file input34.cif (mmCIF, C-alpha atoms)
data_start
loop_
_atom_site.group_PDB
_atom_site.id
_atom_site.type_symbol
_atom_site.label_atom_id
_atom_site.label_comp_id
_atom_site.auth_asym_id
_atom_site.auth_seq_id
_atom_site.Cartn_x
_atom_site.Cartn_y
_atom_site.Cartn_z
ATOM 1 C CA MET C 1 0.000 0.000 0.000
ATOM 2 C CA LEU C 2 2.847 2.377 0.853
ATOM 3 C CA LYS C 3 4.535 1.780 -2.510
ATOM 4 C CA LEU C 4 1.234 2.299 -4.321
ATOM 5 C CA TYR C 5 0.690 5.573 -2.469
ATOM 6 C CA SER C 6 4.181 6.745 -3.418
ATOM 7 C CA ARG C 7 3.499 5.981 -7.073
ATOM 8 C CA VAL C 8 0.238 7.937 -6.982
ATOM 9 C CA VAL C 9 2.039 10.956 -5.523
ATOM 10 C CA ILE C 10 4.750 10.754 -8.194
ATOM 11 C CA ILE C 11 2.219 10.389 -11.007
ATOM 12 C CA LEU C 12 0.302 13.431 -9.729
ATOM 13 C CA PHE C 13 3.496 15.457 -9.568
ATOM 14 C CA LEU C 14 4.551 14.359 -13.043
ATOM 15 C CA ALA C 15 1.164 15.129 -14.512
ATOM 16 C CA THR C 16 1.168 18.609 -13.046
ATOM 17 C CA SER C 17 4.724 19.259 -14.204
ATOM 18 C CA CYS C 18 3.986 18.034 -17.719
ATOM 19 C CA ALA C 19 0.879 20.181 -17.899
ATOM 20 C CA SER C 20 3.043 23.284 -17.823
ATOM 21 C CA LYS C 21 3.717 24.881 -21.194
ATOM 22 C CA LYS C 22 7.328 25.422 -20.144
ATOM 23 C CA THR C 23 9.466 22.313 -20.348
ATOM 24 C CA LYS C 24 12.950 23.800 -20.390
ATOM 25 C CA TYR C 25 15.093 25.440 -17.763
ATOM 26 C CA GLU C 26 12.583 28.223 -17.207
ATOM 27 C CA ASP C 27 10.683 25.765 -14.988
ATOM 28 C CA TYR C 28 13.465 25.956 -12.452
ATOM 29 C CA VAL C 29 14.039 29.700 -12.299
ATOM 30 C CA PHE C 30 12.098 32.910 -11.943
ATOM 31 C CA LYS C 31 9.236 33.532 -14.329
ATOM 32 C CA THR C 32 9.381 37.337 -14.104
ATOM 33 C CA LYS C 33 11.889 40.023 -13.176
ATOM 34 C CA SER C 34 9.659 41.002 -10.265
ATOM 35 C CA GLU C 35 9.882 37.480 -8.825
ATOM 36 C CA GLU C 36 13.642 37.570 -9.148
ATOM 37 C CA VAL C 37 13.950 40.947 -7.411
ATOM 38 C CA ASN C 38 11.591 39.943 -4.579
ATOM 39 C CA TYR C 39 13.424 36.696 -3.985
ATOM 40 C CA GLN C 40 16.948 38.087 -4.143
ATOM 41 C CA THR C 41 16.029 40.858 -1.709
ATOM 42 C CA ALA C 42 14.849 38.166 0.710
ATOM 43 C CA TYR C 43 18.010 36.129 -0.002
ATOM 44 C CA ASP C 44 20.275 39.071 0.855
ATOM 45 C CA LYS C 45 18.448 39.630 4.140
ATOM 46 C CA ALA C 46 18.660 35.942 5.038
ATOM 47 C CA LEU C 47 22.354 35.716 4.193
ATOM 48 C CA LYS C 48 23.052 38.379 6.803
ATOM 49 C CA LEU C 49 21.870 35.820 9.373
ATOM 50 C CA TRP C 50 25.260 34.154 8.895
ATOM 51 C CA ASN C 51 26.531 36.943 11.149
ATOM 52 C CA ILE C 52 30.165 36.345 10.171
ATOM 53 C CA PRO C 53 32.306 37.957 7.460
ATOM 54 C CA TYR C 54 31.627 36.451 4.024
ATOM 55 C CA THR C 55 32.109 37.233 0.360
ATOM 56 C CA GLU C 56 30.018 36.315 -2.676
ATOM 57 C CA GLU C 57 31.212 35.454 -6.168
ATOM 58 C CA ASP C 58 29.691 34.346 -9.454
ATOM 59 C CA VAL C 59 31.574 31.635 -11.324
ATOM 60 C CA LYS C 60 30.924 31.061 -15.019
ATOM 61 C CA THR C 61 30.316 27.418 -15.966
ATOM 62 C CA SER C 62 29.174 25.601 -19.086
ATOM 63 C CA PHE C 63 25.654 25.532 -17.647
ATOM 64 C CA GLY C 64 25.345 29.084 -16.400
ATOM 65 C CA THR C 65 26.588 31.083 -13.441
ATOM 66 C CA ALA C 66 27.288 29.437 -10.095
ATOM 67 C CA HIS C 67 26.849 31.669 -7.063
ATOM 68 C CA VAL C 68 29.306 30.858 -4.285
ATOM 69 C CA VAL C 69 29.386 32.268 -0.753
ATOM 70 C CA MET C 70 32.781 32.041 0.954
ATOM 71 C CA ALA C 71 33.775 32.428 4.584
ATOM 72 C CA GLY C 72 36.349 31.251 7.080
ATOM 73 C CA PRO C 73 40.157 31.393 7.144
ATOM 74 C CA LYS C 74 41.792 31.278 3.734
ATOM 75 C CA ASN C 75 44.411 28.892 5.078
ATOM 76 C CA GLY C 76 41.772 26.562 6.541
ATOM 77 C CA LYS C 77 40.908 23.214 4.999
ATOM 78 C CA ASP C 78 38.387 23.646 2.183
ATOM 79 C CA LEU C 79 34.805 22.698 2.990
ATOM 80 C CA VAL C 80 32.027 22.674 0.365
ATOM 81 C CA LEU C 81 28.400 23.058 1.485
ATOM 82 C CA LEU C 82 25.497 21.749 -0.622
ATOM 83 C CA HIS C 83 22.088 22.945 0.582
ATOM 84 C CA GLY C 84 18.689 21.244 0.513
ATOM 85 C CA MET C 85 15.951 21.709 -2.069
ATOM 86 C CA ASP C 86 14.950 25.362 -2.500
ATOM 87 C CA ALA C 87 16.838 26.190 0.710
ATOM 88 C CA SER C 88 19.845 27.968 -0.869
ATOM 89 C CA SER C 89 23.168 28.615 0.834
ATOM 90 C CA THR C 90 21.473 30.866 3.387
ATOM 91 C CA MET C 91 20.127 27.753 5.146
ATOM 92 C CA TRP C 92 23.475 27.282 6.914
ATOM 93 C CA TYR C 93 22.966 30.275 9.206
ATOM 94 C CA PRO C 94 22.626 28.161 12.408
ATOM 95 C CA ASN C 95 25.805 26.235 11.560
ATOM 96 C CA ILE C 96 28.147 28.494 9.643
ATOM 97 C CA LYS C 97 29.998 29.990 12.612
ATOM 98 C CA ALA C 98 31.020 26.524 13.816
ATOM 99 C CA PHE C 99 31.763 25.192 10.330
ATOM 100 C CA SER C 100 33.914 28.157 9.354
ATOM 101 C CA LYS C 101 36.065 28.311 12.496
ATOM 102 C CA ASN C 102 38.840 26.185 10.993
ATOM 103 C CA HIS C 103 37.573 25.617 7.448
ATOM 104 C CA ARG C 104 37.458 27.730 4.308
ATOM 105 C CA ILE C 105 33.796 27.565 3.297
ATOM 106 C CA TYR C 106 32.449 27.366 -0.258
ATOM 107 C CA ALA C 107 28.638 27.321 -0.133
ATOM 108 C CA ILE C 108 27.324 26.747 -3.654
ATOM 109 C CA ASP C 109 23.778 27.587 -4.758
ATOM 110 C CA PHE C 110 22.287 24.705 -6.758
ATOM 111 C CA ILE C 111 21.803 25.967 -10.303
ATOM 112 C CA MET C 112 18.330 24.509 -10.939
ATOM 113 C CA GLU C 113 16.508 26.385 -8.187
ATOM 114 C CA PRO C 114 15.592 29.927 -7.158
ATOM 115 C CA ASN C 115 18.736 31.400 -5.628
ATOM 116 C CA LYS C 116 21.591 33.498 -7.009
ATOM 117 C CA SER C 117 22.945 30.894 -9.414
ATOM 118 C CA ASN C 118 21.661 31.310 -12.953
ATOM 119 C CA LEU C 119 20.888 28.377 -15.248
ATOM 120 C CA THR C 120 21.306 29.125 -18.956
ATOM 121 C CA ALA C 121 21.234 25.536 -20.224
ATOM 122 C CA LYS C 122 18.586 22.820 -20.255
ATOM 123 C CA PRO C 123 17.769 21.016 -16.967
ATOM 124 C CA LEU C 124 20.799 19.057 -15.854
ATOM 125 C CA SER C 125 21.183 15.288 -15.825
ATOM 126 C CA SER C 126 23.185 13.598 -13.071
ATOM 127 C CA ASP C 127 26.261 13.709 -15.302
ATOM 128 C CA ASP C 128 25.682 17.419 -15.933
ATOM 129 C CA ILE C 129 25.366 18.063 -12.199
ATOM 130 C CA VAL C 130 28.734 16.402 -11.654
ATOM 131 C CA ALA C 131 30.264 18.463 -14.461
ATOM 132 C CA PHE C 132 28.761 21.676 -13.059
ATOM 133 C CA TYR C 133 30.216 21.189 -9.592
ATOM 134 C CA ASN C 134 33.550 19.980 -10.933
ATOM 135 C CA GLU C 135 33.882 23.207 -12.923
ATOM 136 C CA VAL C 136 33.372 25.163 -9.703
ATOM 137 C CA PHE C 137 35.860 22.966 -7.836
ATOM 138 C CA THR C 138 38.389 23.464 -10.627
ATOM 139 C CA HIS C 139 37.864 27.227 -10.597
ATOM 140 C CA TYR C 140 38.812 27.370 -6.915
ATOM 141 C CA LYS C 141 41.524 24.687 -7.278
ATOM 142 C CA LEU C 142 39.868 22.601 -4.564
ATOM 143 C CA LYS C 143 41.834 19.476 -3.659
ATOM 144 C CA ASN C 144 41.291 17.063 -0.772
ATOM 145 C CA PHE C 145 38.285 19.077 0.414
ATOM 146 C CA ASP C 146 35.542 18.071 2.829
ATOM 147 C CA LEU C 147 31.917 18.021 1.700
ATOM 148 C CA ILE C 148 28.628 18.503 3.572
ATOM 149 C CA GLY C 149 25.279 17.923 1.888
ATOM 150 C CA ALA C 150 21.819 18.364 3.413
ATOM 151 C CA SER C 151 18.693 16.634 2.063
ATOM 152 C CA ARG C 152 18.950 16.850 -1.735
ATOM 153 C CA GLY C 153 22.436 18.257 -1.216
ATOM 154 C CA GLY C 154 23.251 14.940 0.456
ATOM 155 C CA TRP C 155 22.083 13.061 -2.618
ATOM 156 C CA ILE C 156 24.216 15.316 -4.824
ATOM 157 C CA ALA C 157 27.204 14.825 -2.497
ATOM 158 C CA THR C 158 26.803 11.076 -2.952
ATOM 159 C CA VAL C 159 26.627 11.458 -6.740
ATOM 160 C CA LEU C 160 29.909 13.372 -6.598
ATOM 161 C CA ALA C 161 31.505 10.797 -4.290
ATOM 162 C CA ILE C 162 30.853 7.826 -6.586
ATOM 163 C CA GLN C 163 32.709 9.505 -9.450
ATOM 164 C CA LYS C 164 36.238 8.377 -10.204
ATOM 165 C CA PRO C 165 38.459 10.247 -9.786
ATOM 166 C CA ASN C 166 37.389 12.980 -7.364
ATOM 167 C CA SER C 167 39.114 15.267 -4.872
ATOM 168 C CA ILE C 168 36.782 14.721 -1.907
ATOM 169 C CA ASP C 169 38.117 13.789 1.522
ATOM 170 C CA LYS C 170 35.524 13.531 4.306
ATOM 171 C CA ILE C 171 31.776 13.580 3.640
ATOM 172 C CA VAL C 172 28.866 14.534 5.899
ATOM 173 C CA LEU C 173 25.328 13.595 4.848
ATOM 174 C CA LEU C 174 22.607 15.404 6.789
ATOM 175 C CA SER C 175 19.307 13.575 6.319
ATOM 176 C CA PRO C 176 20.140 12.863 2.660
ATOM 177 C CA ALA C 177 17.004 12.602 0.514
ATOM 178 C CA GLN C 178 16.435 9.556 -1.708
ATOM 179 C CA THR C 179 19.982 8.367 -1.022
ATOM 180 C CA PHE C 180 19.604 5.122 0.918
ATOM 181 C CA LYS C 181 15.881 4.563 0.417
ATOM 182 C CA PHE C 182 12.738 6.175 -0.957
ATOM 183 C CA LEU C 183 10.704 8.543 1.212
ATOM 184 C CA ASP C 184 10.133 6.938 4.585
ATOM 185 C CA LYS C 185 6.713 8.484 5.248
ATOM 186 C CA PRO C 186 5.240 9.599 1.887
ATOM 187 C CA ARG C 187 1.834 10.399 3.367
ATOM 188 C CA LYS C 188 3.379 12.979 5.654
ATOM 189 C CA THR C 189 5.339 14.600 2.841
ATOM 190 C CA THR C 190 2.271 15.389 0.744
ATOM 191 C CA SER C 191 2.188 18.831 2.367
ATOM 192 C CA ALA C 192 5.445 19.640 0.577
ATOM 193 C CA LEU C 193 4.016 18.355 -2.701
ATOM 194 C CA MET C 194 0.844 20.412 -2.339
ATOM 195 C CA LEU C 195 2.935 23.465 -1.491
ATOM 196 C CA LYS C 196 4.775 23.025 -4.785
ATOM 197 C CA LEU C 197 1.574 22.634 -6.756
ATOM 198 C CA PHE C 198 -0.556 25.251 -4.981
ATOM 199 C CA PRO C 199 1.712 27.526 -2.895
ATOM 200 C CA SER C 200 0.191 29.386 0.032
ATOM 201 C CA GLU C 201 1.312 30.615 3.435
ATOM 202 C CA LYS C 202 -0.942 28.046 5.142
ATOM 203 C CA LYS C 203 0.532 25.100 3.218
ATOM 204 C CA PHE C 204 4.008 26.449 3.858
ATOM 205 C CA SER C 205 3.390 26.543 7.600
ATOM 206 C CA LYS C 206 2.071 22.979 7.506
ATOM 207 C CA THR C 207 5.155 21.849 5.613
ATOM 208 C CA LEU C 208 7.478 23.418 8.189
ATOM 209 C CA ASN C 209 5.570 21.655 10.970
ATOM 210 C CA THR C 210 5.978 18.361 9.118
ATOM 211 C CA PHE C 211 9.680 18.674 8.397
ATOM 212 C CA SER C 212 10.781 20.348 11.635
ATOM 213 C CA THR C 213 10.306 19.484 15.297
ATOM 214 C CA HIS C 214 11.012 23.093 16.239
ATOM 215 C CA PRO C 215 9.655 25.341 13.481
ATOM 216 C CA GLU C 216 9.633 28.156 16.035
ATOM 217 C CA ASN C 217 13.446 28.108 15.798
ATOM 218 C CA ILE C 218 13.359 29.114 12.139
ATOM 219 C CA SER C 219 14.131 32.796 11.636
ATOM 220 C CA ARG C 220 11.199 34.719 10.182
ATOM 221 C CA ILE C 221 13.702 36.331 7.773
ATOM 222 C CA TYR C 222 14.761 32.922 6.487
ATOM 223 C CA LYS C 223 11.148 31.716 6.418
ATOM 224 C CA ARG C 224 10.285 34.544 4.025
ATOM 225 C CA GLN C 225 13.046 33.613 1.603
ATOM 226 C CA PHE C 226 12.276 29.898 1.838
ATOM 227 C CA TYR C 227 8.582 30.526 1.196
ATOM 228 C CA LEU C 228 9.307 32.627 -1.894
ATOM 229 C CA ALA C 229 11.575 29.874 -3.219
ATOM 230 C CA ASN C 230 8.755 27.357 -2.895
ATOM 231 C CA LYS C 231 6.259 29.806 -4.356
ATOM 232 C CA TYR C 232 8.326 30.623 -7.431
ATOM 233 C CA ALA C 233 9.718 27.136 -8.106
ATOM 234 C CA LYS C 234 6.340 25.553 -8.712
ATOM 235 C CA SER C 235 7.801 22.768 -10.836
ATOM 236 C CA ASN C 236 10.805 20.828 -9.621
ATOM 237 C CA SER C 237 10.555 17.543 -11.487
ATOM 238 C CA SER C 238 14.290 16.901 -11.082
ATOM 239 C CA MET C 239 13.349 15.529 -7.639
ATOM 240 C CA LEU C 240 11.685 12.610 -9.405
ATOM 241 C CA LYS C 241 14.996 11.581 -10.985
ATOM 242 C CA MET C 242 16.637 11.103 -7.594
ATOM 243 C CA MET C 243 16.936 7.368 -7.099
ATOM 244 C CA PRO C 244 18.458 5.596 -4.078
ATOM 245 C CA PHE C 245 21.976 4.367 -4.758
ATOM 246 C CA SER C 246 22.723 0.696 -5.338
ATOM 247 C CA ASP C 247 24.773 -1.385 -2.918
ATOM 248 C CA LYS C 248 27.624 -1.409 -5.424
ATOM 249 C CA GLU C 249 27.601 2.383 -5.798
ATOM 250 C CA LEU C 250 27.676 2.921 -2.047
ATOM 251 C CA GLU C 251 30.442 0.357 -1.589
ATOM 252 C CA PHE C 252 32.554 2.245 -4.117
ATOM 253 C CA ILE C 253 32.820 5.147 -1.641
ATOM 254 C CA GLN C 254 35.935 4.664 0.462
ATOM 255 C CA ASN C 255 35.848 8.128 2.053
ATOM 256 C CA PRO C 256 35.129 8.637 5.736
ATOM 257 C CA VAL C 257 31.383 9.413 5.853
ATOM 258 C CA LEU C 258 29.191 10.721 8.675
ATOM 259 C CA VAL C 259 25.426 10.255 8.283
ATOM 260 C CA LEU C 260 23.047 12.107 10.614
ATOM 261 C CA ILE C 261 19.257 11.868 10.633
ATOM 262 C CA GLY C 262 16.645 13.215 13.025
ATOM 263 C CA ASP C 263 14.584 10.784 15.071
ATOM 264 C CA LYS C 264 11.421 12.429 13.692
ATOM 265 C CA ASP C 265 12.623 12.669 10.082
ATOM 266 C CA VAL C 266 9.915 12.031 7.480
ATOM 267 C CA ILE C 267 12.492 11.382 4.747
ATOM 268 C CA ASN C 268 14.709 8.798 6.469
ATOM 269 C CA SER C 269 14.563 6.269 9.297
ATOM 270 C CA GLU C 270 16.973 3.973 11.107
ATOM 271 C CA GLU C 271 16.746 1.725 8.049
ATOM 272 C CA SER C 272 18.653 4.434 6.175
ATOM 273 C CA LEU C 273 21.411 4.326 8.777
ATOM 274 C CA GLU C 274 21.499 0.525 8.702
ATOM 275 C CA ARG C 275 22.032 0.578 4.953
ATOM 276 C CA ALA C 276 24.659 3.310 5.267
ATOM 277 C CA HIS C 277 26.498 1.359 7.954
ATOM 278 C CA LYS C 278 26.371 -1.838 5.886
ATOM 279 C CA HIS C 279 27.525 -0.470 2.530
ATOM 280 C CA LEU C 280 29.636 2.608 3.298
ATOM 281 C CA LYS C 281 32.834 0.918 4.396
ATOM 282 C CA ASN C 282 34.182 3.834 6.441
ATOM 283 C CA SER C 283 31.059 5.366 7.923
ATOM 284 C CA LYS C 284 29.696 6.632 11.211
ATOM 285 C CA THR C 285 25.973 7.073 11.774
ATOM 286 C CA LYS C 286 23.918 8.846 14.394
ATOM 287 C CA VAL C 287 20.289 9.611 15.177
ATOM 288 C CA VAL C 288 19.799 13.178 16.411
ATOM 289 C CA GLN C 289 17.121 13.255 19.091
ATOM 290 C CA ASP C 290 14.171 15.653 18.928
ATOM 291 C CA ALA C 291 14.945 16.590 15.331
ATOM 292 C CA GLY C 292 13.083 16.318 12.057
ATOM 293 C CA HIS C 293 14.301 16.597 8.492
ATOM 294 C CA PHE C 294 15.535 20.137 9.216
ATOM 295 C CA LEU C 295 17.929 18.832 11.865
ATOM 296 C CA THR C 296 20.451 21.655 11.317
ATOM 297 C CA ILE C 297 17.804 24.077 12.614
ATOM 298 C CA ASP C 298 16.051 21.774 15.085
ATOM 299 C CA GLN C 299 19.252 20.817 16.945
ATOM 300 C CA PRO C 300 22.069 23.043 15.652
ATOM 301 C CA LYS C 301 24.477 22.537 18.563
ATOM 302 C CA THR C 302 24.204 18.744 18.437
ATOM 303 C CA VAL C 303 24.697 18.746 14.675
ATOM 304 C CA ASN C 304 27.524 21.286 14.765
ATOM 305 C CA ASP C 305 29.400 19.371 17.463
ATOM 306 C CA ALA C 306 29.024 16.034 15.656
ATOM 307 C CA VAL C 307 30.142 17.491 12.333
ATOM 308 C CA ILE C 308 33.166 19.354 13.731
ATOM 309 C CA ASN C 309 34.299 16.351 15.774
ATOM 310 C CA PHE C 310 34.092 14.202 12.649
ATOM 311 C CA LEU C 311 35.873 16.648 10.356
ATOM 312 C CA GLU C 312 38.656 17.445 12.786
#
call {"tool": "encode", "arguments": {"input": "input34.cif", "output": "structure tokens"}}
result
Amino acid sequence: MLKLYSRVVIILFLATSCASKKTKYEDYVFKTKSEEVNYQTAYDKALKLWNIPYTEEDVKTSFGTAHVVMAGPKNGKDLVLLHGMDASSTMWYPNIKAFSKNHRIYAIDFIMEPNKSNLTAKPLSSDDIVAFYNEVFTHYKLKNFDLIGASRGGWIATVLAIQKPNSIDKIVLLSPAQTFKFLDKPRKTTSALMLKLFPSEKKFSKTLNTFSTHPENISRIYKRQFYLANKYAKSNSSMLKMMPFSDKELEFIQNPVLVLIGDKDVINSEESLERAHKHLKNSKTKVVQDAGHFLTIDQPKTVNDAVINFLE
């Protein structure tokens, strides 16, 4: 019954996406200049929540412009941050001070979503995603760098890690979506689907309550930006192409890997950690108590401490 329900949800999402007249990259970015201005104003306000010195740069790639936010000591070990779906690099505001203490941070906006990156090509395949990030890594001459990915960013981090060769050292996966298994509780995630299809403040609030155990912790400034991202990115069919990795793919990863999930996560469960422990040869796993899918906001100190202890 659960599998059947998941298929129904996917079919509904596909049907709605296909009904759109736009089938190219415009589906992933702003439809009007007004949307872009509204969103980027909210982005700039949310980025100030980092509350540490940072710089922003645009890097030209074969697929468009990658927006990168940098912080931390220039002589620190390089650390790349990959955010969750529609969350953008601003999502790291509860964690960035800890992460950047001894690391040089490169937070990269995913190019197929509303943020400050700018897609000028068709929607990217998995191979294109790898090529996109590798162009950014090459631009900054990143070698032997650490990598943190949250939710969809965790899935992308895993895609990058199974490539040979790569320059990744340690990897942290924070409630990675569709990485070890399909959605754990698809019924509970329908609020996120309905928000995509019919965005409203009420549906957005319901989604936050589903994905977070402490939505009251989320800054109202960040909430505004995150809501606009969901409102403007009505179609995000690339999510449907995210398939859990095979045993063989996971076993290819020899890197040290830390996997954290919240005990109330609607995307993962302990089964995810069991599969990670079984097939990632050099992995550590942990359940973060009183945390949902947004564990970096629900329990920032616990997450920050676990990540820093692992990386250092």
call {"tool": "resolve_selection", "arguments": {"input": "input34.cif", "expression": "the PyMOL selection byres ((chain C and resi 257) around 9)", "output": "list in words"}}
result
Lys170, Ile171, Val172, Leu173, Ile253, Gln254, Asn255, Pro256, Leu258, Val259, Leu280, Lys281, Asn282, Ser283, Lys284, Thr285 and Phe310 of chain C
call {"tool": "axis_aligned_box", "arguments": {"input": "input34.cif", "around": "segment 47-62 of chain C", "padding_each_side": "8 Å", "output": "JSON"}}
result
{"center_x": 27.1, "center_y": 32.0, "center_z": -4.0, "size_x": 26.4, "size_y": 28.8, "size_z": 46.2}
call {"tool": "residues_around", "arguments": {"input": "input34.cif", "residues": "Met85 of chain C", "least_positions_apart": "4", "cutoff": "10 Å", "atoms": "only C-alpha atoms", "output": "list in words"}}
result
Phe110, Met112, Glu113, Pro114, Ala150, Ser151, Arg152, Gly153, Ala177, Phe226, Ala229, Asn230, Asn236 and Met239 of chain C
call {"tool": "residues_around", "arguments": {"input": "input34.cif", "residues": "Tyr133 of chain C", "least_positions_apart": "2", "cutoff": "9 Å", "atoms": "only C-alpha atoms", "output": "ChimeraX atom specification"}}
result
/C:61,66,108,128-131,135-138,160
call {"tool": "resolve_selection", "arguments": {"input": "input34.cif", "expression": "the PyMOL selection byres ((chain C and resi 288) around 8)", "output": "PyMOL selection string"}}
result
chain C and resi 260-263+286-287+289-291+295+299+302-303
call {"tool": "residues_around", "arguments": {"input": "input34.cif", "residues": "Tyr93 of chain C", "least_positions_apart": "5", "cutoff": "9 Å", "atoms": "only C-alpha atoms", "output": "NGL selection string"}}
result
:C and (46-51 or 297)
call {"tool": "write_last_selection", "arguments": {"input": "input34.cif", "atoms": "C-alpha atoms", "output": "compact mmCIF listing (two decimals), in the frame of the given file"}}
result
# COMPACT_ATOMS: atom_id res chain seq x y z
CA ALA C 46 18.66 35.94 5.04
CA LEU C 47 22.35 35.72 4.19
CA LYS C 48 23.05 38.38 6.80
CA LEU C 49 21.87 35.82 9.37
CA TRP C 50 25.26 34.15 8.90
CA ASN C 51 26.53 36.94 11.15
CA ILE C 297 17.80 24.08 12.61
call {"tool": "residues_around", "arguments": {"input": "input34.cif", "residues": "Val37 of chain C", "least_positions_apart": "6", "cutoff": "12 Å", "atoms": "all atoms listed in the file", "output": "ChimeraX atom specification"}}
result
/C:30-31,43-44,114-116,225,228,232
call {"tool": "write_last_selection", "arguments": {"input": "input34.cif", "atoms": "C-alpha atoms", "output": "PDB file, in the frame of the given file"}}
result
ATOM      1  CA  PHE C  30      12.098  32.910 -11.943  1.00  0.00           C
ATOM      2  CA  LYS C  31       9.236  33.532 -14.329  1.00  0.00           C
ATOM      3  CA  TYR C  43      18.010  36.129  -0.002  1.00  0.00           C
ATOM      4  CA  ASP C  44      20.275  39.071   0.855  1.00  0.00           C
ATOM      5  CA  PRO C 114      15.592  29.927  -7.158  1.00  0.00           C
ATOM      6  CA  ASN C 115      18.736  31.400  -5.628  1.00  0.00           C
ATOM      7  CA  LYS C 116      21.591  33.498  -7.009  1.00  0.00           C
ATOM      8  CA  GLN C 225      13.046  33.613   1.603  1.00  0.00           C
ATOM      9  CA  LEU C 228       9.307  32.627  -1.894  1.00  0.00           C
ATOM     10  CA  TYR C 232       8.326  30.623  -7.431  1.00  0.00           C
TER      11      TYR C 232
END
call {"tool": "closest_residue", "arguments": {"input": "input34.cif", "among": "C:Lys223, C:Leu81, C:Gly72, C:Asp169", "to": "Tyr39 of chain C", "atoms": "all atoms listed in the file"}}
result
C:Lys223
call {"tool": "atom_distance", "arguments": {"input": "input34.cif", "atom1": "atom CA of Tyr227 of chain C", "atom2": "atom CA of Ser89 of chain C"}}
result
14.7 Å
call {"tool": "atom_distance", "arguments": {"input": "input34.cif", "atom1": "atom CA of Lys74 of chain C", "atom2": "atom CA of Asp298 of chain C"}}
result
29.7 Å
call {"tool": "residues_near_point", "arguments": {"input": "input34.cif", "point": "(40.3, 22.2, -1.1)", "cutoff": "9 Å", "atoms": "all atoms listed in the file", "output": "list in words"}}
result
Gly76, Lys77, Asp78, Leu79, Val80, Arg104, Phe137, Tyr140, Lys141, Leu142, Lys143, Asn144, Phe145, Asp146, Ser167 and Ile168 of chain C
call {"tool": "atom_distance", "arguments": {"input": "input34.cif", "atom1": "atom CA of His293 of chain C", "atom2": "atom CA of Met243 of chain C"}}
result
18.3 Å
call {"tool": "closest_residue", "arguments": {"input": "input34.cif", "among": "C:Asn118, C:Asn75, C:Thr210, C:Asn95", "to": "Lys301 of chain C", "atoms": "all atoms listed in the file"}}
result
C:Asn95
call {"tool": "closest_residue", "arguments": {"input": "input34.cif", "among": "C:Met242, C:Ala233, C:Ile308, C:Ile221", "to": "Ile156 of chain C", "atoms": "all atoms listed in the file"}}
result
C:Met242
call {"tool": "closest_residue", "arguments": {"input": "input34.cif", "among": "C:Ile105, C:Val69, C:Leu82, C:Ile111", "to": "Val29 of chain C", "atoms": "only C-alpha atoms"}}
result
C:Ile111
call {"tool": "resolve_selection", "arguments": {"input": "input34.cif", "expression": "the PyMOL selection byres ((chain C and resi 181) around 9)", "output": "PyMOL selection string"}}
result
chain C and resi 177-180+182-184+243-245+267-268+271-272+275
call {"tool": "write_last_selection", "arguments": {"input": "input34.cif", "atoms": "C-alpha atoms", "output": "PDB file, in the coordinates of the input"}}
result
ATOM      1  CA  ALA C 177      17.004  12.602   0.514  1.00  0.00           C
ATOM      2  CA  GLN C 178      16.435   9.556  -1.708  1.00  0.00           C
ATOM      3  CA  THR C 179      19.982   8.367  -1.022  1.00  0.00           C
ATOM      4  CA  PHE C 180      19.604   5.122   0.918  1.00  0.00           C
ATOM      5  CA  PHE C 182      12.738   6.175  -0.957  1.00  0.00           C
ATOM      6  CA  LEU C 183      10.704   8.543   1.212  1.00  0.00           C
ATOM      7  CA  ASP C 184      10.133   6.938   4.585  1.00  0.00           C
ATOM      8  CA  MET C 243      16.936   7.368  -7.099  1.00  0.00           C
ATOM      9  CA  PRO C 244      18.458   5.596  -4.078  1.00  0.00           C
ATOM     10  CA  PHE C 245      21.976   4.367  -4.758  1.00  0.00           C
ATOM     11  CA  ILE C 267      12.492  11.382   4.747  1.00  0.00           C
ATOM     12  CA  ASN C 268      14.709   8.798   6.469  1.00  0.00           C
ATOM     13  CA  GLU C 271      16.746   1.725   8.049  1.00  0.00           C
ATOM     14  CA  SER C 272      18.653   4.434   6.175  1.00  0.00           C
ATOM     15  CA  ARG C 275      22.032   0.578   4.953  1.00  0.00           C
TER      16      ARG C 275
END
call {"tool": "closest_residue", "arguments": {"input": "input34.cif", "among": "C:Gly84, C:Gly292, C:Pro199, C:Pro94", "to": "Ile218 of chain C", "atoms": "all atoms listed in the file"}}
result
C:Pro94
call {"tool": "decode", "arguments": {"input": "input34.cif", "residues": "segment 283-297 of chain C", "atoms": "C-alpha atoms", "output": "PDB file, in the first residue's frame"}}
result
ATOM      1  CA  SER C 283      31.059   5.366   7.923  1.00  0.00           C
ATOM      2  CA  LYS C 284      29.696   6.632  11.211  1.00  0.00           C
ATOM      3  CA  THR C 285      25.973   7.073  11.774  1.00  0.00           C
ATOM      4  CA  LYS C 286      23.918   8.846  14.394  1.00  0.00           C
ATOM      5  CA  VAL C 287      20.289   9.611  15.177  1.00  0.00           C
ATOM      6  CA  VAL C 288      19.799  13.178  16.411  1.00  0.00           C
ATOM      7  CA  GLN C 289      17.121  13.255  19.091  1.00  0.00           C
ATOM      8  CA  ASP C 290      14.171  15.653  18.928  1.00  0.00           C
ATOM      9  CA  ALA C 291      14.945  16.590  15.331  1.00  0.00           C
ATOM     10  CA  GLY C 292      13.083  16.318  12.057  1.00  0.00           C
ATOM     11  CA  HIS C 293      14.301  16.597   8.492  1.00  0.00           C
ATOM     12  CA  PHE C 294      15.535  20.137   9.216  1.00  0.00           C
ATOM     13  CA  LEU C 295      17.929  18.832  11.865  1.00  0.00           C
ATOM     14  CA  THR C 296      20.451  21.655  11.317  1.00  0.00           C
ATOM     15  CA  ILE C 297      17.804  24.077  12.614  1.00  0.00           C
TER      16      ILE C 297
END
